[in-house]
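Structure below is upload.cif: mmCIF, N, CA, C and O atoms.
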data_final
loop_
_atom_site.group_PDB
_atom_site.id
_atom_site.type_symbol
_atom_site.label_atom_id
_atom_site.label_comp_id
_atom_site.auth_asym_id
_atom_site.auth_seq_id
_atom_site.Cartn_x
_atom_site.Cartn_y
_atom_site.Cartn_z
ATOM 1 N N CYS A 1 78.858 81.396 100.596
ATOM 2 C CA CYS A 1 78.747 82.412 101.599
ATOM 3 C C CYS A 1 79.796 83.516 101.403
ATOM 4 O O CYS A 1 79.641 84.616 101.901
ATOM 5 N N TRP A 2 80.872 83.202 100.638
ATOM 6 C CA TRP A 2 81.893 84.212 100.370
ATOM 7 C C TRP A 2 81.296 85.384 99.611
ATOM 8 O O TRP A 2 81.713 86.537 99.805
ATOM 9 N N ALA A 3 80.302 85.119 98.756
ATOM 10 C CA ALA A 3 79.669 86.200 97.989
ATOM 11 C C ALA A 3 78.886 87.135 98.911
ATOM 12 O O ALA A 3 78.863 88.351 98.701
ATOM 13 N N ALA A 4 78.255 86.580 99.937
ATOM 14 C CA ALA A 4 77.553 87.414 100.914
ATOM 15 C C ALA A 4 78.555 88.270 101.683
ATOM 16 O O ALA A 4 78.334 89.473 101.885
ATOM 17 N N PHE A 5 79.676 87.674 102.080
ATOM 18 C CA PHE A 5 80.711 88.453 102.758
ATOM 19 C C PHE A 5 81.240 89.548 101.840
ATOM 20 O O PHE A 5 81.425 90.685 102.262
ATOM 21 N N ARG A 6 81.492 89.202 100.579
ATOM 22 C CA ARG A 6 81.988 90.187 99.613
ATOM 23 C C ARG A 6 81.044 91.377 99.526
ATOM 24 O O ARG A 6 81.463 92.534 99.547
ATOM 25 N N GLU A 7 79.767 91.117 99.449
ATOM 26 C CA GLU A 7 78.774 92.197 99.344
ATOM 27 C C GLU A 7 78.737 93.040 100.619
ATOM 28 O O GLU A 7 78.749 94.275 100.564
ATOM 29 N N LEU A 8 78.699 92.388 101.764
ATOM 30 C CA LEU A 8 78.658 93.126 103.029
ATOM 31 C C LEU A 8 79.920 93.960 103.235
ATOM 32 O O LEU A 8 79.856 95.135 103.586
ATOM 33 N N HIS A 9 81.081 93.369 102.997
ATOM 34 C CA HIS A 9 82.343 94.084 103.189
ATOM 35 C C HIS A 9 82.483 95.220 102.166
ATOM 36 O O HIS A 9 82.978 96.295 102.507
ATOM 37 N N SER A 10 82.033 94.997 100.940
ATOM 38 C CA SER A 10 82.059 96.068 99.930
ATOM 39 C C SER A 10 81.223 97.257 100.383
ATOM 40 O O SER A 10 81.633 98.416 100.232
ATOM 41 N N ASN A 11 80.061 96.981 100.951
ATOM 42 C CA ASN A 11 79.213 98.063 101.462
ATOM 43 C C ASN A 11 79.897 98.806 102.603
ATOM 44 O O ASN A 11 79.833 100.040 102.682
ATOM 45 N N VAL A 12 80.569 98.073 103.471
ATOM 46 C CA VAL A 12 81.313 98.700 104.574
ATOM 47 C C VAL A 12 82.398 99.620 104.004
ATOM 48 O O VAL A 12 82.563 100.761 104.442
ATOM 49 N N LEU A 13 83.142 99.130 103.028
ATOM 50 C CA LEU A 13 84.199 99.946 102.422
ATOM 51 C C LEU A 13 83.625 101.188 101.738
ATOM 52 O O LEU A 13 84.200 102.281 101.840
ATOM 53 N N ASP A 14 82.498 101.019 101.037
ATOM 54 C CA ASP A 14 81.853 102.158 100.362
ATOM 55 C C ASP A 14 81.475 103.251 101.352
ATOM 56 O O ASP A 14 81.502 104.436 101.024
ATOM 57 N N GLU A 15 81.123 102.844 102.558
ATOM 58 C CA GLU A 15 80.703 103.806 103.591
ATOM 59 C C GLU A 15 81.866 104.226 104.492
ATOM 60 O O GLU A 15 81.665 104.875 105.513
ATOM 61 N N ARG A 16 83.085 103.836 104.104
ATOM 62 C CA ARG A 16 84.309 104.146 104.865
ATOM 63 C C ARG A 16 84.265 103.580 106.288
ATOM 64 O O ARG A 16 84.745 104.188 107.238
ATOM 65 N N GLY A 17 83.684 102.403 106.388
ATOM 66 C CA GLY A 17 83.601 101.733 107.684
ATOM 67 C C GLY A 17 84.703 100.711 107.843
ATOM 68 O O GLY A 17 85.652 100.657 107.068
ATOM 69 N N THR A 18 84.563 99.889 108.853
ATOM 70 C CA THR A 18 85.557 98.864 109.170
ATOM 71 C C THR A 18 84.840 97.557 109.459
ATOM 72 O O THR A 18 83.807 97.543 110.116
ATOM 73 N N THR A 19 85.406 96.474 108.963
ATOM 74 C CA THR A 19 84.900 95.144 109.255
ATOM 75 C C THR A 19 85.750 94.539 110.355
ATOM 76 O O THR A 19 86.972 94.562 110.282
ATOM 77 N N TYR A 20 85.102 94.016 111.379
ATOM 78 C CA TYR A 20 85.790 93.417 112.516
ATOM 79 C C TYR A 20 85.366 91.971 112.664
ATOM 80 O O TYR A 20 84.240 91.613 112.324
ATOM 81 N N HIS A 21 86.224 91.178 113.255
ATOM 82 C CA HIS A 21 85.817 89.856 113.711
ATOM 83 C C HIS A 21 85.051 90.080 115.008
ATOM 84 O O HIS A 21 85.406 90.945 115.811
ATOM 85 N N ALA A 22 84.018 89.318 115.233
ATOM 86 C CA ALA A 22 83.162 89.513 116.414
ATOM 87 C C ALA A 22 83.952 89.488 117.718
ATOM 88 O O ALA A 22 83.634 90.220 118.649
ATOM 89 N N SER A 23 85.005 88.698 117.768
ATOM 90 C CA SER A 23 85.775 88.595 119.013
ATOM 91 C C SER A 23 86.598 89.847 119.310
ATOM 92 O O SER A 23 87.021 90.055 120.439
ATOM 93 N N SER A 24 86.812 90.691 118.307
ATOM 94 C CA SER A 24 87.633 91.886 118.530
ATOM 95 C C SER A 24 86.828 93.181 118.436
ATOM 96 O O SER A 24 87.396 94.264 118.503
ATOM 97 N N TYR A 25 85.522 93.080 118.297
ATOM 98 C CA TYR A 25 84.685 94.278 118.158
ATOM 99 C C TYR A 25 84.214 94.785 119.515
ATOM 100 O O TYR A 25 83.748 94.013 120.348
ATOM 101 N N THR A 26 84.339 96.075 119.715
ATOM 102 C CA THR A 26 83.820 96.733 120.907
ATOM 103 C C THR A 26 82.762 97.731 120.457
ATOM 104 O O THR A 26 83.060 98.618 119.653
ATOM 105 N N PRO A 27 81.525 97.612 120.918
ATOM 106 C CA PRO A 27 80.475 98.559 120.507
ATOM 107 C C PRO A 27 80.872 100.005 120.818
ATOM 108 O O PRO A 27 81.535 100.283 121.818
ATOM 109 N N LYS A 28 80.474 100.899 119.909
ATOM 110 C CA LYS A 28 80.785 102.313 120.061
ATOM 111 C C LYS A 28 79.496 103.118 120.044
ATOM 112 O O LYS A 28 78.585 102.830 119.262
ATOM 113 N N GLU A 29 79.435 104.104 120.886
ATOM 114 C CA GLU A 29 78.262 104.968 120.948
ATOM 115 C C GLU A 29 78.114 105.721 119.631
ATOM 116 O O GLU A 29 79.083 106.165 119.027
ATOM 117 N N ASN A 30 76.868 105.843 119.174
ATOM 118 C CA ASN A 30 76.521 106.557 117.941
ATOM 119 C C ASN A 30 77.098 105.915 116.684
ATOM 120 O O ASN A 30 77.342 106.605 115.700
ATOM 121 N N HIS A 31 77.366 104.627 116.714
ATOM 122 C CA HIS A 31 77.814 103.885 115.549
ATOM 123 C C HIS A 31 76.845 102.732 115.306
ATOM 124 O O HIS A 31 76.300 102.161 116.245
ATOM 125 N N THR A 32 76.661 102.403 114.048
ATOM 126 C CA THR A 32 75.806 101.279 113.680
ATOM 127 C C THR A 32 76.681 100.059 113.452
ATOM 128 O O THR A 32 77.722 100.153 112.806
ATOM 129 N N ALA A 33 76.258 98.918 113.951
ATOM 130 C CA ALA A 33 76.992 97.670 113.754
ATOM 131 C C ALA A 33 76.028 96.595 113.293
ATOM 132 O O ALA A 33 74.910 96.494 113.785
ATOM 133 N N PHE A 34 76.477 95.800 112.333
ATOM 134 C CA PHE A 34 75.752 94.622 111.893
ATOM 135 C C PHE A 34 76.597 93.427 112.293
ATOM 136 O O PHE A 34 77.763 93.349 111.937
ATOM 137 N N VAL A 35 76.019 92.506 113.012
ATOM 138 C CA VAL A 35 76.740 91.318 113.444
ATOM 139 C C VAL A 35 76.191 90.134 112.659
ATOM 140 O O VAL A 35 74.993 89.870 112.678
ATOM 141 N N VAL A 36 77.098 89.465 111.965
ATOM 142 C CA VAL A 36 76.724 88.305 111.164
ATOM 143 C C VAL A 36 77.438 87.109 111.761
ATOM 144 O O VAL A 36 78.648 87.132 111.979
ATOM 145 N N ASP A 37 76.690 86.042 112.026
ATOM 146 C CA ASP A 37 77.237 84.885 112.715
ATOM 147 C C ASP A 37 77.118 83.651 111.834
ATOM 148 O O ASP A 37 76.176 83.519 111.064
ATOM 149 N N GLY A 38 78.066 82.764 111.936
ATOM 150 C CA GLY A 38 78.009 81.490 111.224
ATOM 151 C C GLY A 38 79.394 81.056 110.783
ATOM 152 O O GLY A 38 80.271 81.888 110.529
ATOM 153 N N ASN A 39 79.603 79.760 110.691
ATOM 154 C CA ASN A 39 80.909 79.220 110.326
ATOM 155 C C ASN A 39 81.343 79.628 108.927
ATOM 156 O O ASN A 39 82.515 79.927 108.709
ATOM 157 N N GLU A 40 80.416 79.640 107.971
ATOM 158 C CA GLU A 40 80.788 79.961 106.592
ATOM 159 C C GLU A 40 81.168 81.432 106.439
ATOM 160 O O GLU A 40 82.120 81.760 105.732
ATOM 161 N N ILE A 41 80.434 82.331 107.087
ATOM 162 C CA ILE A 41 80.769 83.752 106.994
ATOM 163 C C ILE A 41 82.079 84.023 107.724
ATOM 164 O O ILE A 41 82.886 84.845 107.296
ATOM 165 N N GLU A 42 82.336 83.302 108.812
ATOM 166 C CA GLU A 42 83.614 83.451 109.511
ATOM 167 C C GLU A 42 84.768 82.966 108.635
ATOM 168 O O GLU A 42 85.830 83.598 108.576
ATOM 169 N N ALA A 43 84.574 81.870 107.931
ATOM 170 C CA ALA A 43 85.606 81.366 107.019
ATOM 171 C C ALA A 43 85.882 82.381 105.913
ATOM 172 O O ALA A 43 87.040 82.610 105.534
ATOM 173 N N ALA A 44 84.840 83.008 105.394
ATOM 174 C CA ALA A 44 85.018 84.038 104.359
ATOM 175 C C ALA A 44 85.762 85.242 104.925
ATOM 176 O O ALA A 44 86.617 85.822 104.254
ATOM 177 N N TYR A 45 85.459 85.618 106.159
ATOM 178 C CA TYR A 45 86.174 86.724 106.811
ATOM 179 C C TYR A 45 87.674 86.411 106.880
ATOM 180 O O TYR A 45 88.506 87.247 106.549
ATOM 181 N N HIS A 46 88.006 85.192 107.276
ATOM 182 C CA HIS A 46 89.417 84.818 107.400
ATOM 183 C C HIS A 46 90.102 84.691 106.036
ATOM 184 O O HIS A 46 91.328 84.806 105.952
ATOM 185 N N ALA A 47 89.330 84.470 104.978
ATOM 186 C CA ALA A 47 89.881 84.365 103.623
ATOM 187 C C ALA A 47 89.724 85.668 102.842
ATOM 188 O O ALA A 47 89.881 85.690 101.626
ATOM 189 N N ARG A 48 89.441 86.771 103.521
ATOM 190 C CA ARG A 48 89.128 88.030 102.834
ATOM 191 C C ARG A 48 90.255 88.527 101.937
ATOM 192 O O ARG A 48 90.004 89.217 100.956
ATOM 193 N N ASP A 49 91.505 88.146 102.234
ATOM 194 C CA ASP A 49 92.612 88.563 101.373
ATOM 195 C C ASP A 49 92.589 87.859 100.021
ATOM 196 O O ASP A 49 93.309 88.266 99.110
ATOM 197 N N THR A 50 91.778 86.817 99.868
ATOM 198 C CA THR A 50 91.628 86.175 98.560
ATOM 199 C C THR A 50 90.442 86.756 97.801
ATOM 200 O O THR A 50 90.287 86.502 96.613
ATOM 201 N N ILE A 51 89.609 87.529 98.494
ATOM 202 C CA ILE A 51 88.425 88.141 97.877
ATOM 203 C C ILE A 51 88.691 89.599 97.521
ATOM 204 O O ILE A 51 88.237 90.100 96.501
ATOM 205 N N PHE A 52 89.469 90.286 98.368
ATOM 206 C CA PHE A 52 89.782 91.705 98.184
ATOM 207 C C PHE A 52 91.291 91.884 98.070
ATOM 208 O O PHE A 52 92.051 91.205 98.750
ATOM 209 N N LEU A 53 91.696 92.813 97.212
ATOM 210 C CA LEU A 53 93.115 93.148 97.129
ATOM 211 C C LEU A 53 93.495 93.975 98.345
ATOM 212 O O LEU A 53 92.896 95.019 98.604
ATOM 213 N N THR A 54 94.475 93.506 99.085
ATOM 214 C CA THR A 54 94.906 94.228 100.278
ATOM 215 C C THR A 54 96.382 94.596 100.220
ATOM 216 O O THR A 54 96.882 95.241 101.132
ATOM 217 N N THR A 55 97.059 94.179 99.157
ATOM 218 C CA THR A 55 98.476 94.495 99.016
ATOM 219 C C THR A 55 98.641 95.885 98.419
ATOM 220 O O THR A 55 97.758 96.373 97.708
ATOM 221 N N PRO A 56 99.776 96.532 98.675
ATOM 222 C CA PRO A 56 100.000 97.868 98.119
ATOM 223 C C PRO A 56 100.116 97.837 96.591
ATOM 224 O O PRO A 56 100.581 96.856 96.014
ATOM 225 N N VAL A 57 99.707 98.902 95.956
ATOM 226 C CA VAL A 57 99.876 99.057 94.501
ATOM 227 C C VAL A 57 101.345 99.340 94.236
ATOM 228 O O VAL A 57 101.949 100.206 94.871
ATOM 229 N N ILE A 58 101.944 98.599 93.287
ATOM 230 C CA ILE A 58 103.347 98.832 92.958
ATOM 231 C C ILE A 58 103.519 99.592 91.648
ATOM 232 O O ILE A 58 104.577 100.143 91.391
ATOM 233 N N ALA A 59 102.472 99.623 90.814
ATOM 234 C CA ALA A 59 102.485 100.404 89.576
ATOM 235 C C ALA A 59 101.034 100.618 89.161
ATOM 236 O O ALA A 59 100.189 99.755 89.380
ATOM 237 N N ALA A 60 100.748 101.767 88.575
ATOM 238 C CA ALA A 60 99.360 102.046 88.188
ATOM 239 C C ALA A 60 99.301 103.031 87.032
ATOM 240 O O ALA A 60 100.207 103.843 86.824
ATOM 241 N N SER A 61 98.207 102.923 86.283
ATOM 242 C CA SER A 61 97.847 103.907 85.260
ATOM 243 C C SER A 61 96.413 104.320 85.562
ATOM 244 O O SER A 61 95.864 103.962 86.596
ATOM 245 N N GLU A 62 95.801 105.028 84.650
ATOM 246 C CA GLU A 62 94.403 105.429 84.871
ATOM 247 C C GLU A 62 93.444 104.245 84.879
ATOM 248 O O GLU A 62 92.393 104.302 85.501
ATOM 249 N N SER A 63 93.817 103.166 84.200
ATOM 250 C CA SER A 63 92.861 102.069 84.040
ATOM 251 C C SER A 63 93.262 100.753 84.693
ATOM 252 O O SER A 63 92.468 99.818 84.731
ATOM 253 N N ILE A 64 94.483 100.652 85.216
ATOM 254 C CA ILE A 64 94.912 99.378 85.786
ATOM 255 C C ILE A 64 95.912 99.626 86.916
ATOM 256 O O ILE A 64 96.661 100.592 86.892
ATOM 257 N N ALA A 65 95.899 98.739 87.889
ATOM 258 C CA ALA A 65 96.861 98.797 88.996
ATOM 259 C C ALA A 65 97.512 97.432 89.131
ATOM 260 O O ALA A 65 96.850 96.401 88.995
ATOM 261 N N ARG A 66 98.790 97.434 89.414
ATOM 262 C CA ARG A 66 99.541 96.185 89.579
ATOM 263 C C ARG A 66 99.908 96.019 91.047
ATOM 264 O O ARG A 66 100.376 96.948 91.701
ATOM 265 N N HIS A 67 99.676 94.790 91.537
ATOM 266 C CA HIS A 67 100.005 94.429 92.910
ATOM 267 C C HIS A 67 101.010 93.295 92.878
ATOM 268 O O HIS A 67 100.999 92.479 91.962
ATOM 269 N N ASN A 68 101.852 93.208 93.880
ATOM 270 C CA ASN A 68 102.796 92.110 94.010
ATOM 271 C C ASN A 68 102.045 90.842 94.381
ATOM 272 O O ASN A 68 101.035 90.892 95.066
ATOM 273 N N GLY A 69 102.544 89.701 93.943
ATOM 274 C CA GLY A 69 101.940 88.431 94.316
ATOM 275 C C GLY A 69 101.273 87.755 93.136
ATOM 276 O O GLY A 69 101.218 88.291 92.038
ATOM 277 N N THR A 70 100.757 86.577 93.398
ATOM 278 C CA THR A 70 100.085 85.798 92.364
ATOM 279 C C THR A 70 98.666 85.461 92.798
ATOM 280 O O THR A 70 98.364 85.412 93.987
ATOM 281 N N SER A 71 97.816 85.258 91.815
ATOM 282 C CA SER A 71 96.437 84.882 92.084
ATOM 283 C C SER A 71 95.874 84.208 90.852
ATOM 284 O O SER A 71 96.294 84.497 89.731
ATOM 285 N N GLU A 72 94.928 83.344 91.058
ATOM 286 C CA GLU A 72 94.239 82.742 89.919
ATOM 287 C C GLU A 72 93.059 83.608 89.476
ATOM 288 O O GLU A 72 92.348 83.256 88.551
ATOM 289 N N TYR A 73 92.862 84.744 90.134
ATOM 290 C CA TYR A 73 91.721 85.608 89.871
ATOM 291 C C TYR A 73 92.150 86.941 89.268
ATOM 292 O O TYR A 73 93.267 87.394 89.464
ATOM 293 N N VAL A 74 91.219 87.556 88.563
ATOM 294 C CA VAL A 74 91.372 88.922 88.101
ATOM 295 C C VAL A 74 90.440 89.761 88.975
ATOM 296 O O VAL A 74 89.295 89.393 89.191
ATOM 297 N N TYR A 75 90.952 90.854 89.490
ATOM 298 C CA TYR A 75 90.169 91.709 90.383
ATOM 299 C C TYR A 75 89.710 92.952 89.637
ATOM 300 O O TYR A 75 90.440 93.506 88.827
ATOM 301 N N TYR A 76 88.486 93.372 89.900
ATOM 302 C CA TYR A 76 87.936 94.587 89.319
ATOM 303 C C TYR A 76 87.655 95.548 90.453
ATOM 304 O O TYR A 76 86.883 95.207 91.362
ATOM 305 N N ARG A 77 88.295 96.698 90.422
ATOM 306 C CA ARG A 77 88.166 97.706 91.487
ATOM 307 C C ARG A 77 88.465 97.135 92.858
ATOM 308 O O ARG A 77 87.796 97.415 93.844
ATOM 309 N N GLY A 78 89.478 96.272 92.916
ATOM 310 C CA GLY A 78 89.932 95.743 94.195
ATOM 311 C C GLY A 78 89.172 94.548 94.722
ATOM 312 O O GLY A 78 89.486 94.008 95.777
ATOM 313 N N VAL A 79 88.155 94.103 93.986
ATOM 314 C CA VAL A 79 87.346 92.960 94.436
ATOM 315 C C VAL A 79 87.467 91.845 93.413
ATOM 316 O O VAL A 79 87.375 92.046 92.236
#
What would the structure in this file look like if it were written as structure tokens?
Amino acid sequence: CWAAFRELHSNVLDERGTTYHASSYTPKENHTAFVVDGNEIEAAYHARDTIFLTTPVIAASESIARHNGTSEYVYYRGV
């Protein structure tokens, strides 16, 4: 289910939107919201920092960016 969250959140980021946890979301007039429910998608939401890079860039070139911290994964374009 993490892959479904990754795809949905990537689309939100592409559209310059925001992903909220259902408990903290307040509907807004003239805004579109998709509500996804389920234990697995909620777990992926809470683990989103392992799916997306959220730490600041500490060094970068045209082709690579370095972030502080460790991971067993390689990220491509922040995902």
Could you give me the axis-aligned bounding box of segment 53-63 of chain A, with 4 Å of padding per side, as centre plus edge lengths in Å to one decimal, as lines of an AutoDock Vina configuration file?
center_x = 98.1
center_y = 99.1
center_z = 92.6
size_x = 20.9
size_y = 20.6
size_z = 25.1
Strand (DSSP E or B) residues, from DSSP on the backbone, in chain A, as a list in words: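 Matching residues, listed in order: Val57, Ile58, Ala59, Ala60, Ala65, Arg66 and His67 of chain A.
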Identify, on the basis of only C-alpha atoms, every residue whose closest approach to Glu72 of chain A does not exceed 12 Å; exclude the query and any residue fewer than 2 positions from it along the same chain; express the result as a count of residues only. 6
For atom CA of Ala59 of chain A and atom CA of Tyr73 of chain A, the interatomic separation in Å (one decimal): 18.3 Å
Between atom CA of Arg6 of chain A and atom CA of Phe52 of chain A, what is the spacing in Å?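 About the pair atom CA of Phe52 of chain A and atom CA of Arg6 of chain A: they are 8.1 Å apart.
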Taking the chain letters and numbering used in this document, name the residues of segment 3-77 of chain A that DSSP puts in helix (DSSP H, G or I), as JSON, numbers by chain. {"A": [3, 4, 5, 6, 7, 8, 9, 10, 11, 12, 13, 14, 22, 23, 24, 39, 40, 41, 42, 43, 44, 45, 46, 48, 49, 50, 51]}
Residues at most 10 Å from segment 53-57 of chain A, counting only C-alpha atoms, excluding those fewer than 4 positions away in the same chain, as a ChimeraX atom specification? /A:48-49,65-69,75-79
As an exercise, work out the distance from atom C of Val35 of chain A to atom N of Ala47 of chain A in Å and give it to one decimal place. 16.2 Å
Taking into account only C-alpha atoms, which residue in the set A:Ser71, A:Ile64, A:Phe5, A:Gly17 is nearest to Gly38 of chain A?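 Closest to Gly38 of chain A of all the choices is A:Phe5.
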All residues 10 Å or closer to His46 of chain A, only C-alpha atoms, same chain fewer than 5 positions away omitted, as a list in words: His21, Glu40 and Ile41 of chain A
